[in-house]
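What follows is the content of data-v4.txt, which has compact mmCIF, C-alpha atoms and all ligand atoms:
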```txt
# COMPACT_ATOMS: atom_id res chain seq x y z
CA HIS Q 1 94.76 125.50 142.22
CA ALA Q 2 97.67 123.13 141.68
CA LYS Q 3 95.67 120.34 143.27
CA ALA Q 4 92.63 121.06 141.11
CA SER Q 5 94.59 120.97 137.86
CA GLY Q 6 96.46 117.89 139.06
CA ARG Q 7 93.14 116.20 139.65
CA GLY Q 8 91.93 117.43 136.27
CA ARG Q 9 94.92 115.89 134.61
CA ALA Q 10 94.40 112.65 136.48
CA GLU Q 11 90.76 112.53 135.41
CA HIS Q 12 91.75 113.28 131.84
CA PHE Q 13 94.35 110.54 131.98
CA THR Q 14 91.85 108.06 133.44
CA GLU Q 15 89.37 108.93 130.70
CA ARG Q 16 91.96 108.42 128.01
CA LEU Q 17 93.00 105.14 129.54
CA ALA Q 18 89.37 104.00 129.70
CA THR Q 19 88.88 104.92 126.03
CA GLU Q 20 92.03 103.08 125.06
CA ILE Q 21 91.03 99.97 127.00
CA ALA Q 22 87.56 100.06 125.41
CA GLU Q 23 89.08 100.44 121.93
CA ARG Q 24 91.45 97.55 122.48
CA ALA Q 25 88.61 95.37 123.74
CA GLN Q 26 86.51 96.32 120.72
CA LEU Q 27 89.38 95.55 118.33
CA GLU Q 28 89.91 92.21 120.01
CA SER Q 29 86.26 91.21 119.79
CA ASP Q 30 86.07 92.35 116.15
CA LEU Q 31 89.22 90.40 115.39
CA ARG Q 32 87.88 87.31 117.14
CA GLY Q 33 85.10 86.78 114.59
CA ALA Q 34 86.92 88.09 111.54
CA VAL Q 35 88.03 84.71 110.18
CA GLU Q 36 84.51 83.17 110.37
CA ARG Q 37 82.99 86.30 108.87
CA ASP Q 38 85.42 86.01 105.98
CA GLN Q 39 86.75 89.54 106.44
CA PHE Q 40 90.37 88.81 105.62
CA THR Q 41 91.86 89.01 102.19
CA LEU Q 42 95.32 88.85 100.65
CA VAL Q 43 97.04 91.21 98.25
CA TYR Q 44 100.17 90.32 96.32
CA GLN Q 45 103.31 92.31 95.58
CA PRO Q 46 105.77 91.11 92.94
CA GLN Q 47 109.48 90.57 93.49
CA ILE Q 48 111.57 90.83 90.34
CA SER Q 49 115.01 89.65 89.35
CA ALA Q 50 117.58 92.46 89.35
CA THR Q 51 119.30 90.96 86.33
CA ASP Q 52 116.46 90.35 83.88
CA GLY Q 53 113.42 92.07 85.43
CA ARG Q 54 111.34 88.92 85.45
CA ILE Q 55 108.98 88.14 88.32
CA VAL Q 56 110.56 85.64 90.67
CA ALA Q 57 107.96 85.67 93.44
CA ALA Q 58 104.93 87.33 94.98
CA GLU Q 59 104.67 88.33 98.63
CA ALA Q 60 101.21 87.74 100.11
CA LEU Q 61 100.15 90.59 102.40
CA LEU Q 62 97.16 90.47 104.72
CA ARG Q 63 94.26 92.95 104.63
CA TRP Q 64 91.22 93.16 106.90
CA GLN Q 65 87.95 94.39 105.50
CA HIS Q 66 86.47 95.83 108.71
CA PRO Q 67 82.68 96.39 108.65
CA ASP Q 68 82.94 99.99 109.99
CA ARG Q 69 86.54 101.00 109.52
CA GLY Q 70 87.02 99.77 105.97
CA LEU Q 71 90.21 98.18 104.68
CA CYS Q 72 92.76 97.89 107.51
CA LEU Q 73 96.51 97.43 107.09
CA PRO Q 74 98.33 94.84 109.21
CA GLY Q 75 99.96 97.61 111.25
CA THR Q 76 96.57 98.39 112.83
CA PHE Q 77 95.79 94.87 114.06
CA ILE Q 78 98.69 92.39 113.81
CA GLY Q 79 100.19 93.57 117.12
CA ARG Q 80 96.91 92.98 118.95
CA ALA Q 81 96.44 89.64 117.19
CA GLU Q 82 99.89 88.62 118.42
CA GLU Q 83 99.25 89.76 122.01
CA THR Q 84 95.97 87.87 122.22
CA GLY Q 85 97.16 84.76 120.41
CA LEU Q 86 94.51 85.32 117.70
CA ILE Q 87 97.39 85.42 115.23
CA VAL Q 88 97.48 81.62 115.36
CA GLU Q 89 93.98 81.32 113.89
CA ILE Q 90 94.51 84.22 111.48
CA GLY Q 91 97.85 82.78 110.44
CA GLU Q 92 96.18 79.45 109.69
CA TRP Q 93 93.74 81.25 107.43
CA VAL Q 94 96.68 82.98 105.70
CA VAL Q 95 98.59 79.75 105.17
CA GLU Q 96 95.52 77.92 103.81
CA SER Q 97 94.72 80.82 101.51
CA VAL Q 98 98.29 81.00 100.23
CA ALA Q 99 98.29 77.25 99.51
CA LYS Q 100 95.04 77.60 97.54
CA THR Q 101 96.35 80.65 95.69
CA ILE Q 102 99.55 78.87 94.66
CA ALA Q 103 97.49 75.97 93.25
CA ARG Q 104 94.96 78.27 91.52
CA TRP Q 105 97.67 80.36 89.88
CA GLY Q 106 99.48 77.23 88.76
CA ALA Q 107 96.31 76.13 86.98
CA LEU Q 108 96.17 79.55 85.29
CA GLY Q 109 99.73 79.17 84.05
CA VAL Q 110 101.13 81.69 86.52
CA GLU Q 111 103.35 79.32 88.44
CA GLN Q 112 104.78 81.58 91.05
CA ARG Q 113 106.75 81.26 94.23
CA MET Q 114 104.78 82.87 97.02
CA ALA Q 115 106.25 84.38 100.16
CA VAL Q 116 104.16 84.43 103.32
CA ASN Q 117 104.84 86.36 106.54
CA ILE Q 118 104.94 84.32 109.72
CA SER Q 119 104.68 85.77 113.24
CA PRO Q 120 106.76 84.43 116.15
CA ARG Q 121 103.61 83.30 117.98
CA GLN Q 122 102.66 81.05 115.07
CA LEU Q 123 105.96 79.18 115.22
CA ASP Q 124 105.55 78.67 118.98
CA HIS Q 125 102.46 76.70 118.18
CA ALA Q 126 103.53 73.07 117.77
CA ALA Q 127 100.92 72.28 115.11
CA PHE Q 128 102.05 75.05 112.78
CA PHE Q 129 104.31 73.02 110.52
CA ARG Q 130 101.91 70.08 110.32
CA ARG Q 131 99.01 72.37 109.40
CA LEU Q 132 101.17 74.08 106.80
CA ARG Q 133 102.11 70.78 105.21
CA ASP Q 134 98.46 69.60 105.26
CA ALA Q 135 97.25 72.86 103.70
CA MET Q 136 99.79 72.59 100.87
CA GLN Q 137 98.92 68.94 100.23
CA MET Q 138 95.15 69.53 100.35
CA ALA Q 139 95.45 72.35 97.86
CA GLY Q 140 97.87 70.46 95.65
CA ALA Q 141 100.49 73.19 95.96
CA PRO Q 142 104.14 72.11 95.60
CA ALA Q 143 106.41 73.07 98.51
CA ARG Q 144 108.99 74.54 96.12
CA LEU Q 145 106.56 77.40 95.43
CA LEU Q 146 106.36 78.36 99.10
CA GLU Q 147 108.64 80.76 100.93
CA LEU Q 148 108.32 81.57 104.63
CA GLU Q 149 109.33 85.06 105.71
CA ILE Q 150 110.43 85.19 109.31
CA THR Q 151 111.82 88.29 110.96
CA GLU Q 152 115.44 88.73 111.89
CA THR Q 153 114.60 88.86 115.58
CA LEU Q 154 112.60 85.65 115.40
CA ALA Q 155 115.36 83.94 113.44
CA MET Q 156 117.82 84.86 116.18
CA HIS Q 157 115.68 83.35 118.92
CA CYS Q 158 113.96 80.29 117.53
CA SER Q 159 114.34 77.03 119.40
CA SER Q 160 116.21 74.02 118.04
CA GLU Q 161 112.82 72.30 117.45
CA VAL Q 162 111.77 75.16 115.21
CA VAL Q 163 115.13 75.17 113.42
CA ASP Q 164 114.65 71.44 112.76
CA ALA Q 165 111.09 71.92 111.50
CA ILE Q 166 112.27 74.71 109.20
CA ALA Q 167 115.05 72.48 107.90
CA ALA Q 168 112.53 69.69 107.19
CA LEU Q 169 110.24 72.06 105.33
CA ARG Q 170 113.21 73.25 103.34
CA ASN Q 171 114.11 69.66 102.49
CA ASP Q 172 110.65 69.39 100.95
CA GLY Q 173 111.62 72.25 98.65
CA ALA Q 174 110.23 75.33 100.44
CA SER Q 175 112.50 78.32 100.93
CA ILE Q 176 113.12 80.61 103.89
CA ALA Q 177 113.67 84.35 103.88
CA ILE Q 178 114.74 86.58 106.74
CA ASP Q 179 112.45 89.63 106.72
CA ASP Q 180 113.20 93.17 107.91
CA PHE Q 181 116.95 92.52 108.02
CA GLY Q 182 118.78 95.47 109.55
CA THR Q 183 116.06 96.46 112.02
CA GLY Q 184 116.91 94.13 114.87
CA TYR Q 185 119.94 93.13 116.79
CA SER Q 186 121.63 90.28 115.02
CA ASN Q 187 124.18 87.80 115.95
CA LEU Q 188 125.34 87.40 112.38
CA ALA Q 189 127.09 84.15 113.17
CA ARG Q 190 123.64 82.73 113.97
CA LEU Q 191 122.55 83.18 110.37
CA ARG Q 192 125.16 80.59 109.46
CA ASP Q 193 123.33 77.96 111.53
CA LEU Q 194 119.91 78.62 110.05
CA PRO Q 195 118.76 77.12 106.79
CA VAL Q 196 118.08 80.40 104.96
CA ASP Q 197 117.78 81.10 101.22
CA ARG Q 198 117.16 84.83 101.10
CA VAL Q 199 117.66 87.87 103.26
CA LYS Q 200 115.43 90.91 102.82
CA LEU Q 201 117.12 94.23 103.49
CA ASP Q 202 114.68 96.40 105.39
CA ARG Q 203 113.48 99.61 103.80
CA SER Q 204 115.44 101.62 106.39
CA LEU Q 205 118.67 100.15 104.95
CA ILE Q 206 117.91 101.13 101.38
CA GLU Q 207 116.02 104.41 101.89
CA HIS Q 208 119.11 106.58 101.43
CA VAL Q 209 121.20 104.42 99.07
CA ALA Q 210 120.79 106.85 96.19
CA THR Q 211 121.44 110.02 98.20
CA GLN Q 212 124.00 109.15 100.87
CA ALA Q 213 127.38 107.57 100.14
CA GLU Q 214 127.49 105.94 103.61
CA ALA Q 215 124.09 104.32 103.17
CA ARG Q 216 125.21 102.88 99.85
CA THR Q 217 128.45 101.58 101.38
CA ILE Q 218 126.53 99.91 104.20
CA ALA Q 219 123.98 98.33 101.84
CA GLN Q 220 126.78 97.04 99.61
CA ALA Q 221 128.61 95.54 102.59
CA VAL Q 222 125.42 93.89 103.85
CA ILE Q 223 124.76 92.42 100.40
CA GLY Q 224 128.34 91.10 100.33
CA LEU Q 225 127.78 89.48 103.69
CA ILE Q 226 124.51 87.89 102.55
CA HIS Q 227 126.25 86.50 99.46
CA GLY Q 228 129.10 85.28 101.65
CA LEU Q 229 126.56 83.23 103.59
CA GLY Q 230 125.36 81.71 100.32
CA CYS Q 231 122.03 83.59 100.31
CA GLU Q 232 120.29 85.90 97.87
CA ALA Q 233 119.80 89.55 98.80
CA VAL Q 234 116.31 91.02 98.39
CA ALA Q 235 115.62 94.75 98.72
CA GLU Q 236 112.15 95.75 99.89
CA GLY Q 237 110.44 99.13 99.96
CA ILE Q 238 112.14 100.48 96.83
CA GLU Q 239 110.35 103.73 95.96
CA THR Q 240 112.51 105.51 93.37
CA PRO Q 241 114.21 104.63 90.07
CA ALA Q 242 117.48 105.96 91.54
CA GLN Q 243 117.30 103.45 94.41
CA LEU Q 244 116.55 100.73 91.89
CA ASP Q 245 119.65 101.61 89.84
CA VAL Q 246 121.97 101.69 92.86
CA LEU Q 247 120.65 98.37 94.17
CA ARG Q 248 121.31 96.75 90.80
CA VAL Q 249 124.82 98.17 90.66
CA ILE Q 250 125.75 97.03 94.19
CA GLY Q 251 124.66 93.47 93.44
CA CYS Q 252 121.22 93.06 94.99
CA ASP Q 253 119.53 89.98 93.48
CA VAL Q 254 115.81 90.59 93.93
CA LEU Q 255 113.87 93.85 93.98
CA GLN Q 256 110.49 94.74 95.53
CA GLY Q 257 108.74 98.06 96.11
CA TYR Q 258 106.18 100.62 95.00
CA VAL Q 259 108.43 101.76 92.13
CA ILE Q 260 107.95 98.31 90.58
CA ALA Q 261 104.39 97.62 91.73
CA GLN Q 262 102.10 98.15 94.71
CA PRO Q 263 100.54 95.15 96.40
CA MET Q 264 97.65 94.12 94.11
CA VAL Q 265 94.45 92.09 94.33
CA GLU Q 266 94.67 88.72 92.63
CA ALA Q 267 93.17 89.63 89.25
CA GLU Q 268 95.39 92.69 88.99
CA PHE Q 269 98.47 90.69 89.91
CA ILE Q 270 97.77 88.06 87.28
CA ALA Q 271 97.24 90.69 84.60
CA TRP Q 272 100.48 92.37 85.67
CA ALA Q 273 102.41 89.09 85.64
CA ARG Q 274 101.10 88.26 82.18
CA SER Q 275 101.96 91.62 80.65
CA ALA Q 276 105.66 90.63 80.71
CA PRO Q 277 106.92 93.57 82.77
CA GLY Q 278 110.42 92.14 82.48
CA GLU Q 279 110.79 93.72 79.06
CA GLU Q 280 109.82 97.23 80.18
CA ILE Q 281 111.92 97.13 83.30
CA ARG Q 282 114.92 95.91 81.37
CA ALA Q 283 114.46 98.67 78.87
CA ALA Q 284 114.13 101.29 81.60
CA GLY Q 285 117.15 100.06 83.55
P1 LIG K 301 106.75 93.25 105.61
O1 LIG K 301 106.61 91.80 105.52
O2 LIG K 301 108.10 93.81 105.82
O3 LIG K 301 106.07 93.80 104.28
C1 LIG K 301 106.46 94.96 103.61
C2 LIG K 301 105.51 96.11 103.85
O4 LIG K 301 105.95 97.24 103.11
C3 LIG K 301 104.08 95.85 103.37
O5 LIG K 301 103.21 96.60 104.22
C4 LIG K 301 104.10 96.48 101.97
O6 LIG K 301 102.81 96.84 101.50
C5 LIG K 301 104.95 97.68 102.22
N1 LIG K 301 105.64 98.15 101.02
C6 LIG K 301 105.90 97.50 99.87
N2 LIG K 301 106.60 98.29 99.01
C7 LIG K 301 106.78 99.46 99.65
C8 LIG K 301 107.44 100.68 99.28
O7 LIG K 301 107.99 100.85 98.20
N3 LIG K 301 107.42 101.67 100.21
C9 LIG K 301 106.84 101.53 101.44
N4 LIG K 301 106.86 102.55 102.28
N5 LIG K 301 106.23 100.39 101.81
C10 LIG K 301 106.21 99.37 100.94
P2 LIG K 301 101.87 95.98 104.81
O8 LIG K 301 101.16 95.18 103.77
O9 LIG K 301 101.14 97.09 105.49
O10 LIG K 301 102.41 94.96 105.90
C11 LIG K 301 103.10 95.40 107.03
C12 LIG K 301 103.69 94.25 107.81
O11 LIG K 301 102.65 93.42 108.36
C13 LIG K 301 104.54 93.30 106.97
O12 LIG K 301 105.82 93.82 106.82
C14 LIG K 301 104.49 92.04 107.80
O13 LIG K 301 105.45 92.09 108.83
C15 LIG K 301 103.11 92.11 108.44
N6 LIG K 301 102.20 91.21 107.68
C16 LIG K 301 101.59 91.40 106.48
N7 LIG K 301 100.85 90.33 106.12
C17 LIG K 301 100.99 89.42 107.12
C18 LIG K 301 100.48 88.09 107.34
O14 LIG K 301 99.78 87.49 106.53
N8 LIG K 301 100.85 87.48 108.52
C19 LIG K 301 101.67 88.07 109.44
N9 LIG K 301 101.97 87.42 110.55
N10 LIG K 301 102.17 89.32 109.26
C20 LIG K 301 101.84 89.97 108.12
MG MG K 302 107.49 90.34 104.53
MG MG K 303 109.93 93.54 105.74
MG MG K 304 107.81 92.29 108.53
```
Would you write out, as structure tokens, the structure that this file holds?
Ligand code: C2E
Ligand code: MG
Ligand code: MG
Ligand code: MG
Amino acid sequence: HAKASGRGRAEHFTERLATEIAERAQLESDLRGAVERDQFTLVYQPQISATDGRIVAAEALLRWQHPDRGLCLPGTFIGRAEETGLIVEIGEWVVESVAKTIARWGALGVEQRMAVNISPRQLDHAAFFRRLRDAMQMAGAPARLLELEITETLAMHCSSEVVDAIAALRNDGASIAIDDFGTGYSNLARLRDLPVDRVKLDRSLIEHVATQAEARTIAQAVIGLIHGLGCEAVAEGIETPAQLDVLRVIGCDVLQGYVIAQPMVEAEFIAWARSAPGEEIRAAG
């Protein structure tokens, strides 16, 4: 009996494994053609100034319009794209699209800094910075309107070549933000050696700021540290007005989250940007 059920479990396990392998292979082959089939799109989420409520930037976030599965969030495919190296091609599409968007919005009078997420694998690729520069030039987008978001973990481990390339890009006027700060292991001293303009406190750091004294103390200390390094502090994933109030009081510079606005398609974003939300937010705060 024990043997039979053991075998049953093993068969079940093998089946599950086979299904998982098949699903991963399917995802990979779908992902492989997604750029040519024009299935990717970007949505944009505003970042506002904590002091006057005005928009200071938009973060571009990737979406995949899958033929069967509908609109997919990055969480369902970015990991696989990184494992397979497909992120390099997808990332090129993102960078080119962002460059074109910056130029298009400029022509519409919505001159806006745009933040773009960069995966570690993209930076490994030697051509990344050259392609980025070419894309910006081709589109006629000024570097000062570009911000690269790199994760804390990546920032801690990038090679001296990458640090130099980042510094050069920054000399051209682009800015650098550390994303998901507070989720990885950081050698904080390392942040001093990197040319960084902004640090984004991860949602996990700000989730409890309005309800737990300790969480507020920690967030305030982290913001103090960021300021001490000469950077601006950005809070992401703000969901409640109470969190928004606390973050303003403890000195956060830039605010981003559903309570301000969800990520929006381009037309929606432009309408939102033009409706002068600064006034409302100031009034509400
Ligand atoms: P991230 O860069 O930390 O982006 C923030 C994520 O939080 C986004 O999820 C955003 O939609 C979501 N978010 C914004 N406000 C709130 C809020 O108030 N509450 C909550 N719970 N979530 C909020 P999204 O768009 O699903 O992206 C997930 C991650 O995928 C991003 O995290 C980023 O690491 C990665 N990603 C997105 N676009 C790209 C891209 O173009 N290239 C690369 N390499 N990675 C990307
Ligand atoms: Mg980001
Ligand atoms: Mg983040
Ligand atoms: Mg991230």
**OP:** Take the point (92.4, 91.0, 91.0) in the file's coordinates, draw a sphere of radius 12 Å around it, and report as a PyMOL selection string every protein, DNA or RNA residue with an atom inside or on it, counting all atoms listed in the file.
**Re:** chain Q and resi 41-45+105+263-273
What are the closest atom pairs, with distances in Å to one decimal, for all residues of chain Q lying within 9 Å of ligand LIG 301 (chain K)? Consider all atoms listed in the file, order rows by chain and residue number, and present the result as CSV.
```
residue,atom,partner,partner_atom,distance
Q:Leu42,CA,K:LIG301,O14,7.5
Q:Val43,CA,K:LIG301,O8,8.0
Q:Tyr44,CA,K:LIG301,O6,8.7
Q:Gln45,CA,K:LIG301,C6,7.2
Q:Glu59,CA,K:LIG301,O1,8.0
Q:Ala60,CA,K:LIG301,N7,6.6
Q:Leu61,CA,K:LIG301,N7,3.8
Q:Leu62,CA,K:LIG301,N7,3.9
Q:Arg63,CA,K:LIG301,N7,7.2
Q:Cys72,CA,K:LIG301,O9,8.7
Q:Leu73,CA,K:LIG301,O9,4.9
Q:Pro74,CA,K:LIG301,O11,4.6
Q:Gly75,CA,K:LIG301,C11,5.7
Q:Thr76,CA,K:LIG301,O9,8.7
Q:Ile78,CA,K:LIG301,N10,6.5
Q:Ala81,CA,K:LIG301,N9,8.9
Q:Glu82,CA,K:LIG301,N9,8.2
Q:Ile87,CA,K:LIG301,N9,6.8
Q:Val88,CA,K:LIG301,N9,8.8
Q:Ile90,CA,K:LIG301,N8,7.7
Q:Gly91,CA,K:LIG301,N8,5.9
Q:Trp93,CA,K:LIG301,O14,8.7
Q:Val94,CA,K:LIG301,O14,5.5
Q:Val95,CA,K:LIG301,O14,7.9
Q:Val116,CA,K:LIG301,O14,6.2
Q:Asn117,CA,K:LIG301,N8,4.6
Q:Ile118,CA,K:LIG301,N9,4.4
Q:Ser119,CA,K:LIG301,N9,4.2
Q:Pro120,CA,K:LIG301,N9,8.0
Q:Arg121,CA,K:LIG301,N9,8.7
Q:Gln122,CA,K:LIG301,N9,7.8
Q:Glu149,CA,K:LIG301,O1,7.3
Q:Ile150,CA,K:LIG301,O13,8.5
Q:Thr151,CA,K:LIG301,O13,7.7
Q:Asp179,CA,K:LIG301,O2,6.1
Q:Asp180,CA,K:LIG301,O2,5.5
Q:Lys200,CA,K:LIG301,O2,8.4
Q:Asp202,CA,K:LIG301,O2,7.1
Q:Arg203,CA,K:LIG301,C9,7.3
Q:Glu236,CA,K:LIG301,N2,6.2
Q:Gly237,CA,K:LIG301,C8,3.4
Q:Ile238,CA,K:LIG301,O7,4.4
Q:Glu239,CA,K:LIG301,O7,4.3
Q:Thr240,CA,K:LIG301,O7,8.1
Q:Gln256,CA,K:LIG301,N2,6.3
Q:Gly257,CA,K:LIG301,O7,3.6
Q:Tyr258,CA,K:LIG301,O7,3.7
Q:Val259,CA,K:LIG301,O7,6.2
Q:Ile260,CA,K:LIG301,O7,8.0
Q:Ala261,CA,K:LIG301,N2,7.6
Q:Gln262,CA,K:LIG301,N2,6.2
Q:Pro263,CA,K:LIG301,O6,5.8
```
Correct to one decimal, the distance atom CA of Arg32 of chain Q-atom CA of Leu86 of chain Q is 6.9 Å
So that I can see what lies close to Gly140 of chain Q, please list as a PDB file with C-alpha atoms, in the coordinates of the input the residues with an atom at most 10 Å from it, counting all atoms listed in the file and leaving out residues fewer than 3 positions away in the same chain.
```
ATOM      1  CA  ALA Q  99      98.290  77.250  99.510  1.00  0.00           C
ATOM      2  CA  LYS Q 100      95.040  77.600  97.540  1.00  0.00           C
ATOM      3  CA  ILE Q 102      99.550  78.870  94.660  1.00  0.00           C
ATOM      4  CA  ALA Q 103      97.490  75.970  93.250  1.00  0.00           C
ATOM      5  CA  ARG Q 104      94.960  78.270  91.520  1.00  0.00           C
ATOM      6  CA  GLY Q 106      99.480  77.230  88.760  1.00  0.00           C
ATOM      7  CA  ASP Q 134      98.460  69.600 105.260  1.00  0.00           C
ATOM      8  CA  ALA Q 135      97.250  72.860 103.700  1.00  0.00           C
ATOM      9  CA  MET Q 136      99.790  72.590 100.870  1.00  0.00           C
ATOM     10  CA  GLN Q 137      98.920  68.940 100.230  1.00  0.00           C
ATOM     11  CA  ALA Q 143     106.410  73.070  98.510  1.00  0.00           C
TER      12      ALA Q 143
END
```
Which residue, Q:Phe77, Q:Glu232, Q:Phe181, Q:Asp172, has the smallest gap to ligand MG 303 (chain K) when you use all atoms listed in the file?
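Nearest to ligand MG 303 (chain K): Q:Phe181.
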Looking at all atoms listed in the file, which of Q:Leu191, Q:Ala25, Q:Val254, Q:Ala139 is the one that sits closest to Asp52 of chain Q?
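Of the candidates, the smallest distance to Asp52 of chain Q is held by Q:Val254.
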From atom CA of Ile176 of chain Q to atom CA of Glu83 of chain Q the spacing works out at 24.6 Å
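Between Cys158 of chain Q and the candidates Q:Val209, Q:Leu123, Q:Ala107, Q:Ile48, the tightest atom-to-atom separation, counting only C-alpha atoms, involves Q:Leu123.
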- Distance of atom CA of Gln26 of chain Q from atom CA of Glu11 of chain Q, expressed in Å to one decimal place: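 Calculated distance between atom CA of Glu11 of chain Q and atom CA of Gln26 of chain Q is 22.3 Å.
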